[in-house]
file work-v1.tsv (TSV, C-alpha atoms)
chain	number	residue	atom	x	y	z
U	1	MET	CA	0.00	0.00	0.00
U	2	ARG	CA	1.40	3.40	-0.95
U	3	GLN	CA	2.36	5.96	1.64
U	4	ARG	CA	-0.12	8.84	1.55
U	5	THR	CA	1.06	11.05	4.41
U	6	PHE	CA	4.54	12.46	4.88
U	7	PRO	CA	6.47	14.71	7.23
U	8	LEU	CA	6.85	18.23	5.88
U	9	MET	CA	9.66	20.78	5.95
U	10	LEU	CA	8.67	24.43	5.44
U	11	PHE	CA	11.60	26.61	4.39
U	12	ALA	CA	11.10	29.93	6.22
U	13	ALA	CA	14.68	30.98	7.00
U	14	GLY	CA	15.50	33.19	3.99
U	15	PHE	CA	16.20	36.93	3.99
U	16	GLY	CA	13.60	37.91	1.37
U	17	THR	CA	15.93	40.59	-0.04
U	18	ARG	CA	14.01	40.96	-3.32
U	19	MET	CA	11.06	42.23	-1.33
U	20	GLY	CA	12.99	45.38	-0.42
U	21	ALA	CA	11.32	47.51	2.24
U	22	LEU	CA	8.62	44.89	2.83
U	23	THR	CA	11.09	42.62	4.63
U	24	GLN	CA	13.19	45.18	6.48
U	25	THR	CA	11.28	44.61	9.70
U	26	ARG	CA	9.18	41.53	8.89
U	27	PRO	CA	10.22	38.09	7.57
U	28	LYS	CA	8.82	37.23	4.17
U	29	PRO	CA	6.75	34.23	5.38
U	30	LEU	CA	4.66	36.62	7.49
U	31	ILE	CA	3.79	38.97	4.61
U	32	PRO	CA	0.03	38.79	4.03
U	33	VAL	CA	-1.40	37.92	0.63
U	34	ALA	CA	-5.11	38.53	0.22
U	35	GLY	CA	-5.31	39.09	3.98
U	36	ARG	CA	-3.52	35.92	5.12
U	37	PRO	CA	0.21	35.46	5.88
U	38	LEU	CA	2.12	33.31	3.44
U	39	LEU	CA	3.19	30.96	6.22
U	40	ASP	CA	-0.39	30.38	7.34
U	41	ARG	CA	-1.39	29.61	3.76
U	42	ALA	CA	1.35	26.98	3.63
U	43	LEU	CA	0.25	25.52	6.96
U	44	ASP	CA	-3.32	25.33	5.67
U	45	LEU	CA	-2.08	23.16	2.79
U	46	ALA	CA	-0.15	20.98	5.22
U	47	GLY	CA	-3.19	20.45	7.39
U	48	GLU	CA	-5.43	19.61	4.46
U	49	ALA	CA	-2.89	17.05	3.19
U	50	GLY	CA	-2.43	15.46	6.60
U	51	ALA	CA	1.29	16.21	6.71
U	52	ALA	CA	2.89	15.36	10.05
U	53	PRO	CA	5.11	16.30	11.65
U	54	VAL	CA	5.53	19.81	10.25
U	55	VAL	CA	8.91	21.48	10.76
U	56	VAL	CA	9.62	25.17	10.05
U	57	ASN	CA	13.20	26.42	9.87
U	58	VAL	CA	13.96	29.99	10.96
U	59	HIS	CA	16.87	32.44	10.69
U	60	TYR	CA	16.14	36.00	9.53
U	61	LEU	CA	13.85	37.68	12.07
U	62	GLY	CA	13.20	34.18	13.32
U	63	ALA	CA	11.80	35.31	16.66
U	64	GLN	CA	8.82	36.82	14.86
U	65	ILE	CA	8.11	33.52	13.13
U	66	MET	CA	8.49	31.57	16.36
U	67	ASP	CA	6.11	33.95	18.15
U	68	HIS	CA	3.63	33.60	15.30
U	69	LEU	CA	3.79	29.81	15.52
U	70	ALA	CA	3.71	29.61	19.32
U	71	PRO	CA	-0.04	28.78	19.44
U	72	ARG	CA	0.53	25.86	17.03
U	73	ALA	CA	1.85	23.14	19.31
U	74	GLU	CA	1.95	20.69	16.39
U	75	VAL	CA	4.60	22.71	14.52
U	76	ARG	CA	8.25	22.05	15.32
U	77	ILE	CA	11.01	24.65	14.90
U	78	SER	CA	14.45	24.03	13.39
U	79	ASP	CA	16.41	27.02	14.65
U	80	GLU	CA	19.13	28.24	12.26
U	81	SER	CA	19.66	31.53	14.09
U	82	ALA	CA	23.42	30.92	14.39
U	83	GLU	CA	23.91	30.23	10.68
U	84	ILE	CA	21.57	30.02	7.69
U	85	LEU	CA	22.12	26.64	6.04
U	86	GLU	CA	20.27	26.93	2.68
U	87	THR	CA	17.80	24.27	1.63
U	88	GLY	CA	20.10	21.24	1.70
U	89	GLY	CA	21.87	22.05	4.93
U	90	GLY	CA	18.61	23.17	6.49
U	91	LEU	CA	16.79	19.97	5.62
U	92	ARG	CA	19.67	17.81	6.86
U	93	THR	CA	19.75	19.66	10.19
U	94	ALA	CA	15.98	19.19	10.58
U	95	LEU	CA	15.97	15.43	9.91
U	96	PRO	CA	15.97	14.49	13.63
U	97	LEU	CA	12.61	16.24	13.80
U	98	LEU	CA	11.33	14.82	10.51
U	99	GLY	CA	12.58	11.25	10.39
U	100	GLN	CA	14.73	9.51	7.80
U	101	GLY	CA	12.04	8.42	5.33
U	102	PRO	CA	10.74	10.35	2.33
U	103	VAL	CA	9.80	13.92	3.27
U	104	MET	CA	7.85	16.70	1.67
U	105	THR	CA	9.30	20.18	1.42
U	106	LEU	CA	7.37	23.35	0.66
U	107	ASN	CA	8.41	26.95	0.05
U	108	PRO	CA	5.89	29.25	1.75
U	109	ASP	CA	6.65	32.23	-0.50
U	110	VAL	CA	4.32	31.08	-3.29
U	111	VAL	CA	0.56	30.90	-3.62
U	112	TRP	CA	-1.61	28.27	-5.26
U	113	ARG	CA	-5.09	28.24	-6.72
U	114	GLY	CA	-6.33	24.78	-7.50
U	115	PRO	CA	-5.82	21.31	-6.01
U	116	ASN	CA	-3.66	20.95	-2.93
U	117	PRO	CA	-0.08	20.55	-4.21
U	118	LEU	CA	0.97	18.33	-1.30
U	119	SER	CA	-1.95	15.96	-1.81
U	120	LEU	CA	-1.14	15.68	-5.53
U	121	LEU	CA	2.46	14.77	-4.75
U	122	ALA	CA	1.43	12.14	-2.20
U	123	GLU	CA	-0.96	10.53	-4.66
U	124	ALA	CA	1.67	10.42	-7.44
U	125	TRP	CA	4.63	9.21	-5.35
U	126	GLU	CA	6.02	5.86	-6.55
U	127	PRO	CA	8.67	4.75	-4.05
U	128	GLU	CA	9.91	1.86	-6.17
U	129	ARG	CA	11.29	4.16	-8.88
U	130	MET	CA	11.47	7.65	-7.39
U	131	ASP	CA	13.99	9.39	-5.17
U	132	ALA	CA	12.46	12.80	-5.87
U	133	LEU	CA	9.15	14.02	-7.22
U	134	LEU	CA	9.00	17.76	-7.90
U	135	LEU	CA	5.93	19.81	-8.72
U	136	VAL	CA	6.49	21.90	-11.84
U	137	LYS	CA	4.76	24.08	-14.39
U	138	ASP	CA	5.70	25.25	-17.88
U	139	ARG	CA	7.97	28.31	-17.80
U	140	ALA	CA	6.05	30.24	-20.47
U	141	GLY	CA	3.80	32.93	-18.99
U	142	LEU	CA	4.25	31.85	-15.39
U	143	PRO	CA	3.16	34.65	-13.00
U	144	GLY	CA	5.86	36.05	-10.74
U	145	ARG	CA	8.61	34.06	-12.44
U	146	ARG	CA	11.75	35.69	-13.84
U	147	GLY	CA	14.68	33.98	-15.57
U	148	ASN	CA	15.16	30.65	-17.27
U	149	ALA	CA	13.43	27.31	-16.87
U	150	ASP	CA	14.77	24.92	-14.25
U	151	PHE	CA	14.30	21.57	-15.97
U	152	THR	CA	13.20	19.80	-19.11
U	153	LEU	CA	10.69	17.01	-18.72
U	154	ALA	CA	10.58	13.74	-20.67
U	155	ASP	CA	8.43	10.74	-19.71
U	156	GLY	CA	8.20	12.13	-16.19
U	157	HIS	CA	11.99	12.33	-15.74
U	158	ILE	CA	13.70	15.70	-15.27
U	159	SER	CA	16.95	17.01	-16.72
U	160	ARG	CA	18.59	20.39	-16.29
U	161	ALA	CA	17.33	23.14	-18.62
U	162	THR	CA	19.70	25.56	-20.36
U	163	GLY	CA	17.31	28.34	-21.39
U	164	GLU	CA	13.75	29.58	-21.07
U	165	GLU	CA	12.18	26.47	-22.62
U	166	GLY	CA	11.14	23.90	-20.08
U	167	VAL	CA	9.48	23.75	-16.69
U	168	VAL	CA	9.89	25.64	-13.43
U	169	TYR	CA	10.12	24.04	-10.00
U	170	LEU	CA	7.21	25.39	-7.95
U	171	GLY	CA	8.64	24.89	-4.46
U	172	ALA	CA	6.89	21.65	-3.49
U	173	GLN	CA	8.32	18.14	-3.61
U	174	ILE	CA	8.78	14.73	-2.04
U	175	LEU	CA	12.32	13.40	-1.79
U	176	ARG	CA	14.43	10.81	-0.05
U	177	PRO	CA	16.87	12.68	2.20
U	178	GLY	CA	19.32	9.85	2.81
U	179	GLY	CA	21.85	11.19	0.31
U	180	LEU	CA	22.26	14.38	2.34
U	181	ALA	CA	24.55	12.53	4.73
U	182	ASP	CA	27.19	12.11	1.99
U	183	ILE	CA	27.44	15.82	1.11
U	184	PRO	CA	30.49	17.30	2.88
U	185	GLN	CA	29.41	20.96	2.88
U	186	ARG	CA	27.55	22.31	5.89
U	187	VAL	CA	25.75	25.04	3.89
U	188	PHE	CA	24.42	23.89	0.51
U	189	SER	CA	21.42	23.81	-1.79
U	190	LEU	CA	19.24	20.81	-2.52
U	191	ASN	CA	20.40	21.20	-6.10
U	192	LEU	CA	23.40	19.04	-5.16
U	193	LEU	CA	21.11	16.18	-4.16
U	194	TRP	CA	18.84	16.67	-7.17
U	195	ASP	CA	21.82	16.41	-9.55
U	196	ARG	CA	22.74	13.03	-8.09
U	197	MET	CA	19.16	11.82	-8.43
U	198	ILE	CA	18.93	13.12	-12.01
U	199	ALA	CA	22.13	11.26	-12.90
U	200	ALA	CA	20.68	8.06	-11.43
U	201	GLY	CA	17.44	8.46	-13.40
U	202	ARG	CA	15.37	8.66	-10.23
U	203	ALA	CA	14.29	12.33	-10.29
U	204	PHE	CA	10.76	12.93	-11.57
U	205	ALA	CA	8.31	15.78	-11.89
U	206	LEU	CA	4.55	16.25	-11.88
U	207	ILE	CA	2.88	19.14	-13.71
U	208	TYR	CA	0.62	21.20	-11.45
U	209	PRO	CA	-2.81	21.66	-13.09
U	210	GLY	CA	-3.86	24.79	-11.20
U	211	ASP	CA	-2.58	28.37	-10.93
U	212	TRP	CA	0.62	29.37	-9.13
U	213	CYS	CA	2.50	32.57	-8.41
U	214	ASP	CA	5.95	33.26	-6.96
U	215	VAL	CA	5.73	35.91	-4.22
U	216	GLY	CA	9.42	36.73	-4.24
U	217	SER	CA	9.16	40.43	-5.12
U	218	PRO	CA	6.69	43.32	-4.76
U	219	GLU	CA	5.65	42.67	-8.37
U	220	GLY	CA	5.03	39.01	-7.56
U	221	LEU	CA	3.00	40.01	-4.51
U	222	ALA	CA	0.77	42.20	-6.69
U	223	GLU	CA	0.35	39.36	-9.21
U	224	ALA	CA	-0.55	36.94	-6.42
U	225	GLU	CA	-3.18	39.33	-5.05
U	226	THR	CA	-4.69	39.57	-8.52
U	227	MET	CA	-4.65	35.79	-8.98
U	228	LEU	CA	-6.44	35.22	-5.68
U	229	ALA	CA	-9.01	37.98	-6.12
U	230	PRO	CA	-12.58	36.68	-6.34
U	231	GLY	CA	-13.89	36.54	-9.86
U	232	PRO	CA	-17.17	38.07	-10.99
U	233	THR	CA	-20.26	36.19	-9.91
U	234	ALA	CA	-22.97	35.18	-12.33
call {"tool": "encode", "arguments": {"input": "work-v1.tsv", "output": "structure tokens"}}
result
Amino acid sequence: MRQRTFPLMLFAAGFGTRMGALTQTRPKPLIPVAGRPLLDRALDLAGEAGAAPVVVNVHYLGAQIMDHLAPRAEVRISDESAEILETGGGLRTALPLLGQGPVMTLNPDVVWRGPNPLSLLAEAWEPERMDALLLVKDRAGLPGRRGNADFTLADGHISRATGEEGVVYLGAQILRPGGLADIPQRVFSLNLLWDRMIAAGRAFALIYPGDWCDVGSPEGLAEAETMLAPGPTA
């Protein structure tokens, strides 16, 4: 029987520098979009998908995030206040709180409109042939996205993209974290682990069928507000 629930890592430690003045005194995960903080939106998705345990890492203005989460006894904190560890180092440090099996990770600085991305990943996960399953969308016309594609997609497998043609990683995935133990750096990106999985033919992607927006800049925040605005009623 397939596993349908997973532990979840929420990456909330970043500086949010592209947000400019919006993150000078407030961490990006606490910026409201359509009246609700990004972090709470991510936690809503986790709750709907049955993710447990949920771990949130903190660094920049981390005390604000910890205070915000204090009423949520079910959420665990991975404190990176001494040193920000990036996604790979941060996930490895949080594994004692998450466990050693497959884990979900989610970036809270995006918004979704459509099916729950975590539930879609859980339903599509095939442990016999996958070490990673990333949620992606075609690069063309993607709201809030700047720059090139991340990957090309063929028969579900991903390879690195070299230009704008291809798909973009949306900030949600399931992956096996065991390979993190073999990476010598303390501070590193999950890209190092993905490259190993790609080379082994065990990195896959699933296309998200709904709407998505990156809230990494003031322009992205405005696009997200527009995307989430109620449409006209009949």
call {"tool": "closest_residue", "arguments": {"input": "work-v1.tsv", "among": "U:Asp109, U:Asp195, U:Glu83, U:Glu164", "to": "Ala132 of chain U", "atoms": "all atoms listed in the file"}}
result
U:Asp195
call {"tool": "axis_aligned_box", "arguments": {"input": "work-v1.tsv", "around": "segment 90-98 of chain U", "padding_each_side": "4 Å", "output": "AutoDock Vina command-line options"}}
result
--center_x 15.5 --center_y 18.8 --center_z 9.7 --size_x 16.4 --size_y 16.7 --size_z 16.2
call {"tool": "residues_around", "arguments": {"input": "work-v1.tsv", "residues": "segment 100-108 of chain U", "least_positions_apart": "5", "cutoff": "6 Å", "atoms": "all atoms listed in the file", "output": "list in words"}}
result
Phe6, Pro7, Leu8, Met9, Leu10, Phe11, Leu38, Leu39, Ala42, Gly171, Ala172, Gln173, Ile174, Leu175 and Arg176 of chain U
call {"tool": "residues_around", "arguments": {"input": "work-v1.tsv", "residues": "Glu74 of chain U", "least_positions_apart": "3", "cutoff": "12 Å", "atoms": "only C-alpha atoms", "output": "ChimeraX atom specification"}}
result
/U:7-8,43,46-47,50-56,69-71,77,97
call {"tool": "closest_residue", "arguments": {"input": "work-v1.tsv", "among": "U:Ala205, U:Asn116, U:Glu219, U:Val75", "to": "Leu22 of chain U", "atoms": "only C-alpha atoms"}}
result
U:Glu219
call {"tool": "atom_distance", "arguments": {"input": "work-v1.tsv", "atom1": "atom CA of Asp182 of chain U", "atom2": "atom CA of Trp194 of chain U"}}
result
13.2 Å
call {"tool": "closest_residue", "arguments": {"input": "work-v1.tsv", "among": "U:Gly99, U:Gly62, U:Pro115, U:Gly88", "to": "Ser189 of chain U", "atoms": "all atoms listed in the file"}}
result
U:Gly88
call {"tool": "closest_residue", "arguments": {"input": "work-v1.tsv", "among": "U:Ala222, U:Cys213, U:Ala94, U:Arg202", "to": "Glu128 of chain U", "atoms": "only C-alpha atoms"}}
result
U:Arg202
call {"tool": "atom_distance", "arguments": {"input": "work-v1.tsv", "atom1": "atom CA of Leu98 of chain U", "atom2": "atom CA of Asp150 of chain U"}}
result
27.0 Å
call {"tool": "closest_residue", "arguments": {"input": "work-v1.tsv", "among": "U:Pro127, U:Gly14, U:Gly201, U:Gly179", "to": "Leu85 of chain U", "atoms": "all atoms listed in the file"}}
result
U:Gly14
call {"tool": "atom_distance", "arguments": {"input": "work-v1.tsv", "atom1": "atom CA of Asn148 of chain U", "atom2": "atom CA of Val187 of chain U"}}
result
24.3 Å
call {"tool": "residues_around", "arguments": {"input": "work-v1.tsv", "residues": "Arg186 of chain U", "least_positions_apart": "5", "cutoff": "12 Å", "atoms": "all atoms listed in the file", "output": "PDB file with C-alpha atoms, in the coordinates of the input"}}
result
ATOM      1  CA  GLU U  83      23.910  30.230  10.680  1.00  0.00           C
ATOM      2  CA  ILE U  84      21.570  30.020   7.690  1.00  0.00           C
ATOM      3  CA  LEU U  85      22.120  26.640   6.040  1.00  0.00           C
ATOM      4  CA  GLU U  86      20.270  26.930   2.680  1.00  0.00           C
ATOM      5  CA  THR U  87      17.800  24.270   1.630  1.00  0.00           C
ATOM      6  CA  GLY U  88      20.100  21.240   1.700  1.00  0.00           C
ATOM      7  CA  GLY U  89      21.870  22.050   4.930  1.00  0.00           C
ATOM      8  CA  GLY U  90      18.610  23.170   6.490  1.00  0.00           C
ATOM      9  CA  LEU U  91      16.790  19.970   5.620  1.00  0.00           C
ATOM     10  CA  ARG U  92      19.670  17.810   6.860  1.00  0.00           C
ATOM     11  CA  THR U  93      19.750  19.660  10.190  1.00  0.00           C
ATOM     12  CA  LEU U 180      22.260  14.380   2.340  1.00  0.00           C
ATOM     13  CA  ALA U 181      24.550  12.530   4.730  1.00  0.00           C
TER      14      ALA U 181
END
call {"tool": "closest_residue", "arguments": {"input": "work-v1.tsv", "among": "U:Ala12, U:Ala224, U:Ala124, U:Ala21", "to": "Asp79 of chain U", "atoms": "all atoms listed in the file"}}
result
U:Ala12
call {"tool": "residues_around", "arguments": {"input": "work-v1.tsv", "residues": "Ala229 of chain U", "least_positions_apart": "3", "cutoff": "8 Å", "atoms": "all atoms listed in the file", "output": "ChimeraX atom specification"}}
result
/U:34,225-226
call {"tool": "residues_around", "arguments": {"input": "work-v1.tsv", "residues": "Ser81 of chain U", "least_positions_apart": "3", "cutoff": "9 Å", "atoms": "only C-alpha atoms", "output": "short mmCIF file (atom, residue, chain, number, x, y, z; two decimals) with C-alpha atoms, keeping the file's coordinate frame"}}
result
data_model
loop_
_atom_site.label_atom_id
_atom_site.label_comp_id
_atom_site.auth_asym_id
_atom_site.auth_seq_id
_atom_site.Cartn_x
_atom_site.Cartn_y
_atom_site.Cartn_z
CA ALA U 13 14.68 30.98 7.00
CA VAL U 58 13.96 29.99 10.96
CA HIS U 59 16.87 32.44 10.69
CA TYR U 60 16.14 36.00 9.53
CA LEU U 61 13.85 37.68 12.07
CA GLY U 62 13.20 34.18 13.32
CA ILE U 84 21.57 30.02 7.69
#
